[in-house]
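Heads up, query-v5.txt below (compact mmCIF, N, CA and C atoms):
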```txt
# COMPACT_ATOMS: atom_id res chain seq x y z
N MET A 514 3.16 22.18 -43.32
CA MET A 514 3.20 21.40 -42.10
C MET A 514 2.07 20.37 -42.14
N GLY A 515 2.35 19.19 -41.65
CA GLY A 515 1.39 18.09 -41.69
C GLY A 515 0.36 18.18 -40.58
N ASP A 516 -0.46 17.20 -40.56
CA ASP A 516 -1.51 17.10 -39.56
C ASP A 516 -0.89 16.83 -38.19
N ILE A 517 -1.32 17.54 -37.20
CA ILE A 517 -0.73 17.41 -35.86
C ILE A 517 -1.01 16.03 -35.26
N ARG A 518 -2.14 15.40 -35.65
CA ARG A 518 -2.42 14.05 -35.15
C ARG A 518 -1.35 13.07 -35.58
N VAL A 519 -0.84 13.23 -36.79
CA VAL A 519 0.22 12.35 -37.28
C VAL A 519 1.47 12.53 -36.42
N PHE A 520 1.81 13.76 -36.12
CA PHE A 520 3.00 14.03 -35.30
C PHE A 520 2.82 13.47 -33.89
N ILE A 521 1.63 13.58 -33.36
CA ILE A 521 1.37 13.05 -32.01
C ILE A 521 1.50 11.53 -32.03
N ASN A 522 0.90 10.88 -33.02
CA ASN A 522 0.95 9.42 -33.10
C ASN A 522 2.35 8.90 -33.41
N GLN A 523 3.17 9.70 -34.07
CA GLN A 523 4.55 9.31 -34.34
C GLN A 523 5.43 9.46 -33.11
N GLY A 524 4.96 10.19 -32.13
CA GLY A 524 5.73 10.35 -30.90
C GLY A 524 6.65 11.54 -30.90
N ARG A 525 6.38 12.53 -31.73
CA ARG A 525 7.26 13.71 -31.79
C ARG A 525 7.18 14.58 -30.54
N TYR A 526 6.10 14.44 -29.78
CA TYR A 526 5.95 15.26 -28.58
C TYR A 526 6.13 14.43 -27.31
N ASP A 527 6.74 13.27 -27.42
CA ASP A 527 6.89 12.37 -26.28
C ASP A 527 8.01 12.76 -25.33
N ASP A 528 8.87 13.69 -25.72
CA ASP A 528 10.00 14.01 -24.85
C ASP A 528 9.57 14.73 -23.57
N LYS A 529 8.48 15.46 -23.62
CA LYS A 529 7.97 16.12 -22.42
C LYS A 529 6.45 16.04 -22.41
N SER A 530 5.92 15.67 -21.27
CA SER A 530 4.46 15.57 -21.17
C SER A 530 3.79 16.94 -21.19
N ASP A 531 4.55 17.99 -20.84
CA ASP A 531 3.98 19.33 -20.83
C ASP A 531 3.49 19.74 -22.22
N LYS A 532 4.23 19.35 -23.25
CA LYS A 532 3.81 19.68 -24.62
C LYS A 532 2.48 19.02 -24.94
N LEU A 533 2.36 17.76 -24.57
CA LEU A 533 1.12 17.05 -24.84
C LEU A 533 -0.06 17.66 -24.08
N LEU A 534 0.18 18.09 -22.85
CA LEU A 534 -0.90 18.69 -22.06
C LEU A 534 -1.32 20.04 -22.64
N VAL A 535 -0.37 20.80 -23.17
CA VAL A 535 -0.71 22.08 -23.80
C VAL A 535 -1.52 21.84 -25.08
N ILE A 536 -1.10 20.84 -25.86
CA ILE A 536 -1.85 20.52 -27.08
C ILE A 536 -3.26 20.06 -26.72
N ARG A 537 -3.38 19.26 -25.66
CA ARG A 537 -4.71 18.80 -25.22
C ARG A 537 -5.58 19.97 -24.79
N LYS A 538 -5.01 20.89 -24.04
CA LYS A 538 -5.75 22.06 -23.58
C LYS A 538 -6.24 22.88 -24.77
N ASN A 539 -5.38 23.08 -25.76
CA ASN A 539 -5.78 23.83 -26.96
C ASN A 539 -6.84 23.08 -27.76
N ALA A 540 -6.73 21.75 -27.81
CA ALA A 540 -7.72 20.96 -28.54
C ALA A 540 -9.08 21.04 -27.86
N ILE A 541 -9.09 21.04 -26.54
CA ILE A 541 -10.36 21.18 -25.81
C ILE A 541 -10.95 22.57 -26.06
N HIS A 542 -10.08 23.57 -26.03
CA HIS A 542 -10.53 24.96 -26.23
C HIS A 542 -11.13 25.16 -27.63
N THR A 543 -10.55 24.51 -28.63
CA THR A 543 -11.04 24.67 -30.01
C THR A 543 -12.02 23.57 -30.41
N ALA A 544 -12.36 22.68 -29.48
CA ALA A 544 -13.29 21.57 -29.71
C ALA A 544 -12.82 20.65 -30.84
N ASN A 545 -11.53 20.37 -30.88
CA ASN A 545 -10.95 19.47 -31.87
C ASN A 545 -10.81 18.10 -31.21
N LEU A 546 -11.84 17.28 -31.34
CA LEU A 546 -11.90 15.99 -30.64
C LEU A 546 -10.88 14.98 -31.15
N ASP A 547 -10.53 15.05 -32.44
CA ASP A 547 -9.55 14.11 -32.99
C ASP A 547 -8.18 14.31 -32.35
N VAL A 548 -7.77 15.54 -32.22
CA VAL A 548 -6.47 15.84 -31.61
C VAL A 548 -6.50 15.51 -30.12
N GLN A 549 -7.59 15.85 -29.46
CA GLN A 549 -7.72 15.55 -28.04
C GLN A 549 -7.61 14.04 -27.81
N ASP A 550 -8.29 13.25 -28.63
CA ASP A 550 -8.24 11.80 -28.50
C ASP A 550 -6.83 11.27 -28.74
N ALA A 551 -6.14 11.80 -29.75
CA ALA A 551 -4.78 11.36 -30.05
C ALA A 551 -3.84 11.67 -28.88
N VAL A 552 -3.97 12.86 -28.31
CA VAL A 552 -3.11 13.24 -27.18
C VAL A 552 -3.40 12.35 -25.97
N GLU A 553 -4.67 12.10 -25.71
CA GLU A 553 -5.02 11.27 -24.55
C GLU A 553 -4.53 9.84 -24.72
N GLN A 554 -4.60 9.30 -25.93
CA GLN A 554 -4.06 7.96 -26.17
C GLN A 554 -2.55 7.93 -25.97
N ARG A 555 -1.88 8.98 -26.42
CA ARG A 555 -0.41 9.04 -26.27
C ARG A 555 -0.02 9.19 -24.80
N LEU A 556 -0.76 10.01 -24.07
CA LEU A 556 -0.49 10.15 -22.63
C LEU A 556 -0.71 8.83 -21.91
N LYS A 557 -1.75 8.12 -22.28
CA LYS A 557 -2.04 6.84 -21.63
C LYS A 557 -0.92 5.84 -21.88
N LYS A 558 -0.33 5.89 -23.05
CA LYS A 558 0.74 4.95 -23.39
C LYS A 558 2.08 5.37 -22.79
N CYS A 559 2.42 6.63 -22.89
CA CYS A 559 3.76 7.09 -22.50
C CYS A 559 3.85 7.61 -21.07
N TYR A 560 2.78 8.22 -20.59
CA TYR A 560 2.77 8.83 -19.26
C TYR A 560 1.51 8.40 -18.51
N PRO A 561 1.43 7.14 -18.10
CA PRO A 561 0.18 6.66 -17.48
C PRO A 561 -0.17 7.36 -16.16
N LYS A 562 0.82 7.76 -15.39
CA LYS A 562 0.52 8.43 -14.12
C LYS A 562 -0.09 9.82 -14.36
N ILE A 563 0.41 10.52 -15.35
CA ILE A 563 -0.15 11.83 -15.69
C ILE A 563 -1.55 11.65 -16.26
N TYR A 564 -1.72 10.63 -17.09
CA TYR A 564 -3.06 10.35 -17.64
C TYR A 564 -4.05 10.10 -16.51
N GLN A 565 -3.64 9.31 -15.53
CA GLN A 565 -4.52 8.99 -14.41
C GLN A 565 -4.85 10.23 -13.59
N ARG A 566 -3.89 11.11 -13.41
CA ARG A 566 -4.13 12.32 -12.62
C ARG A 566 -5.00 13.32 -13.35
N LYS A 567 -4.79 13.52 -14.63
CA LYS A 567 -5.45 14.59 -15.36
C LYS A 567 -6.70 14.18 -16.13
N ILE A 568 -6.77 12.92 -16.59
CA ILE A 568 -7.84 12.53 -17.50
C ILE A 568 -8.81 11.53 -16.88
N GLY A 569 -8.28 10.46 -16.32
CA GLY A 569 -9.16 9.46 -15.73
C GLY A 569 -8.46 8.15 -15.46
N PRO A 570 -9.21 7.14 -15.05
CA PRO A 570 -8.60 5.86 -14.71
C PRO A 570 -8.02 5.16 -15.94
N LEU A 571 -7.00 4.36 -15.70
CA LEU A 571 -6.35 3.64 -16.79
C LEU A 571 -7.18 2.47 -17.30
N PHE A 572 -7.94 1.85 -16.41
CA PHE A 572 -8.73 0.69 -16.78
C PHE A 572 -10.20 0.94 -16.44
N LYS A 573 -11.07 0.39 -17.25
CA LYS A 573 -12.50 0.54 -17.03
C LYS A 573 -12.96 -0.45 -15.95
N ARG A 574 -13.68 0.07 -14.99
CA ARG A 574 -14.24 -0.77 -13.93
C ARG A 574 -15.75 -0.58 -13.95
N GLU A 575 -16.47 -1.66 -13.77
CA GLU A 575 -17.93 -1.56 -13.73
C GLU A 575 -18.45 -2.23 -12.48
N ARG A 576 -19.43 -1.62 -11.92
CA ARG A 576 -20.11 -2.13 -10.75
C ARG A 576 -21.60 -2.04 -11.05
N ASP A 577 -22.41 -2.67 -10.27
CA ASP A 577 -23.85 -2.61 -10.48
C ASP A 577 -24.28 -1.15 -10.59
N ARG A 578 -25.13 -0.84 -11.56
CA ARG A 578 -25.53 0.53 -11.85
C ARG A 578 -26.24 1.23 -10.70
N LYS A 579 -26.75 0.50 -9.74
CA LYS A 579 -27.45 1.16 -8.64
C LYS A 579 -26.50 1.86 -7.68
N PHE A 580 -25.21 1.58 -7.78
CA PHE A 580 -24.22 2.21 -6.91
C PHE A 580 -23.66 3.47 -7.56
N ASN A 581 -23.53 4.51 -6.78
CA ASN A 581 -22.94 5.75 -7.24
C ASN A 581 -21.52 5.83 -6.71
N CYS A 582 -20.59 5.29 -7.48
CA CYS A 582 -19.19 5.32 -7.05
C CYS A 582 -18.32 5.63 -8.27
N TYR A 583 -17.02 5.69 -8.05
CA TYR A 583 -16.09 6.05 -9.12
C TYR A 583 -15.95 4.94 -10.16
N CYS A 584 -16.39 3.74 -9.87
CA CYS A 584 -16.38 2.68 -10.87
C CYS A 584 -17.38 3.00 -11.99
N ASN A 585 -18.54 3.47 -11.59
CA ASN A 585 -19.58 3.80 -12.57
C ASN A 585 -19.47 5.23 -13.09
N ASN A 586 -18.89 6.11 -12.31
CA ASN A 586 -18.71 7.51 -12.71
C ASN A 586 -17.23 7.87 -12.58
N PRO A 587 -16.40 7.44 -13.53
CA PRO A 587 -14.95 7.64 -13.39
C PRO A 587 -14.57 9.12 -13.38
N LYS A 588 -13.58 9.41 -12.55
CA LYS A 588 -13.03 10.77 -12.45
C LYS A 588 -11.51 10.70 -12.42
N SER A 589 -10.90 11.80 -12.78
CA SER A 589 -9.44 11.88 -12.68
C SER A 589 -9.05 12.02 -11.22
N LEU A 590 -7.78 11.78 -10.93
CA LEU A 590 -7.33 11.93 -9.54
C LEU A 590 -7.43 13.37 -9.07
N ASP A 591 -7.29 14.33 -9.97
CA ASP A 591 -7.49 15.73 -9.61
C ASP A 591 -8.91 15.95 -9.09
N ASP A 592 -9.88 15.38 -9.77
CA ASP A 592 -11.27 15.53 -9.36
C ASP A 592 -11.58 14.77 -8.08
N VAL A 593 -10.94 13.60 -7.90
CA VAL A 593 -11.11 12.85 -6.66
C VAL A 593 -10.55 13.65 -5.49
N CYS A 594 -9.41 14.30 -5.71
CA CYS A 594 -8.82 15.15 -4.66
C CYS A 594 -9.75 16.30 -4.32
N LYS A 595 -10.35 16.92 -5.33
CA LYS A 595 -11.31 18.01 -5.08
C LYS A 595 -12.51 17.51 -4.28
N ASP A 596 -12.98 16.30 -4.61
CA ASP A 596 -14.08 15.72 -3.84
C ASP A 596 -13.68 15.49 -2.39
N MET A 597 -12.45 15.04 -2.18
CA MET A 597 -11.98 14.80 -0.82
C MET A 597 -11.84 16.11 -0.05
N LEU A 598 -11.36 17.15 -0.71
CA LEU A 598 -11.22 18.45 -0.06
C LEU A 598 -12.56 19.05 0.32
N LYS A 599 -13.56 18.89 -0.57
CA LYS A 599 -14.88 19.46 -0.32
C LYS A 599 -15.79 18.51 0.45
N LYS A 600 -15.24 17.34 0.80
CA LYS A 600 -15.99 16.31 1.54
C LYS A 600 -17.26 15.90 0.80
N ARG A 601 -17.10 15.66 -0.50
CA ARG A 601 -18.20 15.23 -1.35
C ARG A 601 -17.95 13.85 -1.95
N VAL A 602 -17.23 13.00 -1.25
CA VAL A 602 -16.97 11.65 -1.76
C VAL A 602 -18.29 10.88 -1.73
N PRO A 603 -18.69 10.28 -2.85
CA PRO A 603 -19.96 9.55 -2.87
C PRO A 603 -20.01 8.44 -1.81
N TYR A 604 -21.17 8.25 -1.26
CA TYR A 604 -21.38 7.29 -0.18
C TYR A 604 -20.97 5.88 -0.58
N HIS A 605 -21.37 5.44 -1.77
CA HIS A 605 -21.07 4.07 -2.21
C HIS A 605 -19.58 3.87 -2.51
N THR A 606 -18.85 4.94 -2.72
CA THR A 606 -17.42 4.83 -2.95
C THR A 606 -16.72 4.29 -1.72
N LEU A 607 -17.21 4.65 -0.56
CA LEU A 607 -16.58 4.21 0.68
C LEU A 607 -16.72 2.71 0.89
N SER A 608 -17.74 2.09 0.34
CA SER A 608 -17.92 0.66 0.51
C SER A 608 -17.30 -0.16 -0.62
N CYS A 609 -16.85 0.48 -1.67
CA CYS A 609 -16.29 -0.21 -2.83
C CYS A 609 -14.77 -0.36 -2.67
N ASP A 610 -14.30 -1.60 -2.65
CA ASP A 610 -12.87 -1.84 -2.49
C ASP A 610 -12.06 -1.32 -3.67
N ALA A 611 -12.59 -1.46 -4.89
CA ALA A 611 -11.87 -0.99 -6.07
C ALA A 611 -11.72 0.53 -6.05
N CYS A 612 -12.77 1.24 -5.67
CA CYS A 612 -12.69 2.70 -5.58
C CYS A 612 -11.70 3.12 -4.50
N TRP A 613 -11.73 2.42 -3.40
CA TRP A 613 -10.82 2.76 -2.30
C TRP A 613 -9.37 2.56 -2.74
N ARG A 614 -9.10 1.42 -3.39
CA ARG A 614 -7.73 1.09 -3.79
C ARG A 614 -7.24 1.95 -4.95
N GLU A 615 -8.06 2.05 -6.00
CA GLU A 615 -7.62 2.71 -7.22
C GLU A 615 -7.76 4.23 -7.20
N ASP A 616 -8.75 4.75 -6.50
CA ASP A 616 -9.01 6.18 -6.56
C ASP A 616 -8.63 6.91 -5.27
N LEU A 617 -9.25 6.54 -4.17
CA LEU A 617 -9.06 7.30 -2.93
C LEU A 617 -7.64 7.16 -2.37
N SER A 618 -7.15 5.93 -2.27
CA SER A 618 -5.80 5.78 -1.69
C SER A 618 -4.72 6.29 -2.64
N THR A 619 -4.93 6.14 -3.94
CA THR A 619 -3.97 6.67 -4.91
C THR A 619 -3.96 8.19 -4.88
N ALA A 620 -5.13 8.79 -4.79
CA ALA A 620 -5.22 10.26 -4.70
C ALA A 620 -4.56 10.75 -3.43
N TRP A 621 -4.80 10.06 -2.31
CA TRP A 621 -4.15 10.49 -1.08
C TRP A 621 -2.64 10.29 -1.15
N GLY A 622 -2.19 9.23 -1.79
CA GLY A 622 -0.76 9.00 -1.93
C GLY A 622 -0.07 10.12 -2.69
N TYR A 623 -0.72 10.61 -3.73
CA TYR A 623 -0.11 11.68 -4.51
C TYR A 623 -0.35 13.05 -3.88
N TYR A 624 -1.60 13.36 -3.57
CA TYR A 624 -1.94 14.70 -3.11
C TYR A 624 -1.77 14.87 -1.60
N GLY A 625 -1.69 13.78 -0.87
CA GLY A 625 -1.51 13.88 0.58
C GLY A 625 -0.07 13.66 0.98
N PHE A 626 0.46 12.52 0.61
CA PHE A 626 1.81 12.16 1.03
C PHE A 626 2.87 12.95 0.27
N SER A 627 2.71 13.09 -1.04
CA SER A 627 3.73 13.75 -1.86
C SER A 627 3.56 15.27 -1.90
N CYS A 628 2.37 15.73 -2.24
CA CYS A 628 2.15 17.16 -2.48
C CYS A 628 1.68 17.93 -1.25
N LYS A 629 1.22 17.23 -0.24
CA LYS A 629 0.75 17.86 1.02
C LYS A 629 -0.47 18.75 0.81
N VAL A 630 -1.32 18.40 -0.14
CA VAL A 630 -2.57 19.13 -0.34
C VAL A 630 -3.62 18.59 0.63
N LEU A 631 -3.67 17.28 0.76
CA LEU A 631 -4.59 16.63 1.69
C LEU A 631 -3.85 16.35 3.01
N THR A 632 -4.55 16.47 4.11
CA THR A 632 -3.92 16.26 5.41
C THR A 632 -4.23 14.85 5.93
N LYS A 633 -3.46 14.45 6.94
CA LYS A 633 -3.71 13.16 7.58
C LYS A 633 -5.07 13.14 8.27
N ALA A 634 -5.49 14.28 8.77
CA ALA A 634 -6.80 14.36 9.43
C ALA A 634 -7.92 14.07 8.43
N MET A 635 -7.78 14.56 7.20
CA MET A 635 -8.78 14.27 6.17
C MET A 635 -8.84 12.79 5.86
N LEU A 636 -7.67 12.15 5.77
CA LEU A 636 -7.63 10.72 5.50
C LEU A 636 -8.21 9.95 6.68
N ARG A 637 -7.88 10.36 7.88
CA ARG A 637 -8.40 9.69 9.07
C ARG A 637 -9.94 9.78 9.11
N GLU A 638 -10.46 10.94 8.79
CA GLU A 638 -11.92 11.12 8.75
C GLU A 638 -12.55 10.24 7.68
N LEU A 639 -11.90 10.16 6.53
CA LEU A 639 -12.40 9.32 5.44
C LEU A 639 -12.36 7.84 5.84
N CYS A 640 -11.31 7.43 6.54
CA CYS A 640 -11.20 6.04 7.01
C CYS A 640 -12.29 5.73 8.03
N GLU A 641 -12.58 6.68 8.90
CA GLU A 641 -13.65 6.47 9.87
C GLU A 641 -15.01 6.36 9.17
N ASP A 642 -15.23 7.18 8.16
CA ASP A 642 -16.47 7.09 7.40
C ASP A 642 -16.57 5.74 6.69
N ARG A 643 -15.45 5.28 6.16
CA ARG A 643 -15.44 3.97 5.46
C ARG A 643 -15.74 2.86 6.46
N ALA A 644 -15.14 2.91 7.63
CA ALA A 644 -15.39 1.89 8.64
C ALA A 644 -16.86 1.88 9.04
N TYR A 645 -17.44 3.05 9.17
CA TYR A 645 -18.86 3.13 9.53
C TYR A 645 -19.73 2.53 8.44
N VAL A 646 -19.42 2.87 7.18
CA VAL A 646 -20.22 2.39 6.05
C VAL A 646 -20.09 0.87 5.90
N ARG A 647 -18.91 0.37 6.07
CA ARG A 647 -18.68 -1.07 5.81
C ARG A 647 -19.06 -1.98 6.95
N TYR A 648 -18.85 -1.53 8.17
CA TYR A 648 -18.96 -2.45 9.29
C TYR A 648 -20.06 -2.14 10.29
N VAL A 649 -20.82 -1.11 10.07
CA VAL A 649 -21.90 -0.81 11.01
C VAL A 649 -23.24 -0.98 10.33
```

Can you turn what I pasted into structure tokens?
Amino acid sequence: MGDIRVFINQGRYDDKSDKLLVIRKNAIHTANLDVQDAVEQRLKKCYPKIYQRKIGPLFKRERDRKFNCYCNNPKSLDDVCKDMLKKRVPYHTLSCDACWREDLSTAWGYYGFSCKVLTKAMLRELCEDRAYVRYV
């Protein structure tokens, strides 16, 4: 049997994203960075929404280093959802339009509107915090 990286790059596991996620999990467990990188590149190309939810943002965003927001400290949407649930959203994230658009609203769209993990009350509270940070 050949190298699994070759099979991943050839697209043999593209029919289901579950296979790629299992291979990624095993690569992380065995500390095989080459396979992990190949799987993440393939997920980014073939399944960008899953990549964004499980691994991180699709595009690199940079903001001034003095700000502590998701532009400078990228997280997956799963981690953004956990931050929203635990009410640990960084202060500077609320004032950053890119973080609001790409991370917070996208996470609420998936985990709030679709999956019902986040409630409307949580979003309302986050919006009030954003309004306070931006306009007061």

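Distances from A:Phe520, A:Arg525, A:Arg537, A:Ala611 to Asp550 of chain A were compared using all atoms listed in the file, and the smallest one belongs to A:Arg537.
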
**Item:** Spatial neighbours of Ile568 of chain A, max dist 6 Å, all atoms listed in the file, sep filter under 6 positions, as a list in words
**Value:** Lys588, Ser589 and Leu590 of chain A

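We find atom CA of Ile517 of chain A and atom C of Ile536 of chain A to be spaced 9.8 Å apart.
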
**Message:** Residues within 8 Å of (-10.6, 6.6, -9.1), file coordinates, counting all atoms listed in the file: what are they? Give the list as an MDAnalysis selection string.
**Reply:** chainID A and resid 569:571 582:584 586:590 593 611:620

**Asked** Separation of atom C of Asn522 of chain A and atom N of Cys559 of chain A, in Å?
**Response** 10.8 Å

At a cut-off of 7 Å around the point (-2.9, 7.4, 4.8) (file coordinates), what residues fall inside when counting only N, CA and C atoms? I'd like the answer as a tab-separated table (two decimals) with N, CA and C atoms, keeping the file's coordinate frame.
```
chain	number	residue	atom	x	y	z
A	621	TRP	N	-4.80	10.06	-2.31
A	621	TRP	CA	-4.15	10.49	-1.08
A	621	TRP	C	-2.64	10.29	-1.15
A	622	GLY	N	-2.19	9.23	-1.79
A	622	GLY	CA	-0.76	9.00	-1.93
A	622	GLY	C	-0.07	10.12	-2.69
A	633	LYS	N	-3.46	14.45	6.94
A	633	LYS	CA	-3.71	13.16	7.58
A	633	LYS	C	-5.07	13.14	8.27
A	636	LEU	N	-7.67	12.15	5.77
A	636	LEU	CA	-7.63	10.72	5.50
A	636	LEU	C	-8.21	9.95	6.68
A	637	ARG	N	-7.88	10.36	7.88
A	637	ARG	CA	-8.40	9.69	9.07
A	637	ARG	C	-9.94	9.78	9.11
```

**Prompt:** For the atom pair atom C of Tyr645 of chain A and atom CA of Cys594 of chain A, what is the interatomic distance in Å to one decimal place?
**Reply:** 21.2 Å

**Message:** Can you pull out every residue from segment 566-637 of chain A that DSSP, working from the backbone, puts in helix (DSSP H, G or I), and format the result as a count of residues only?
**Reply:** 39
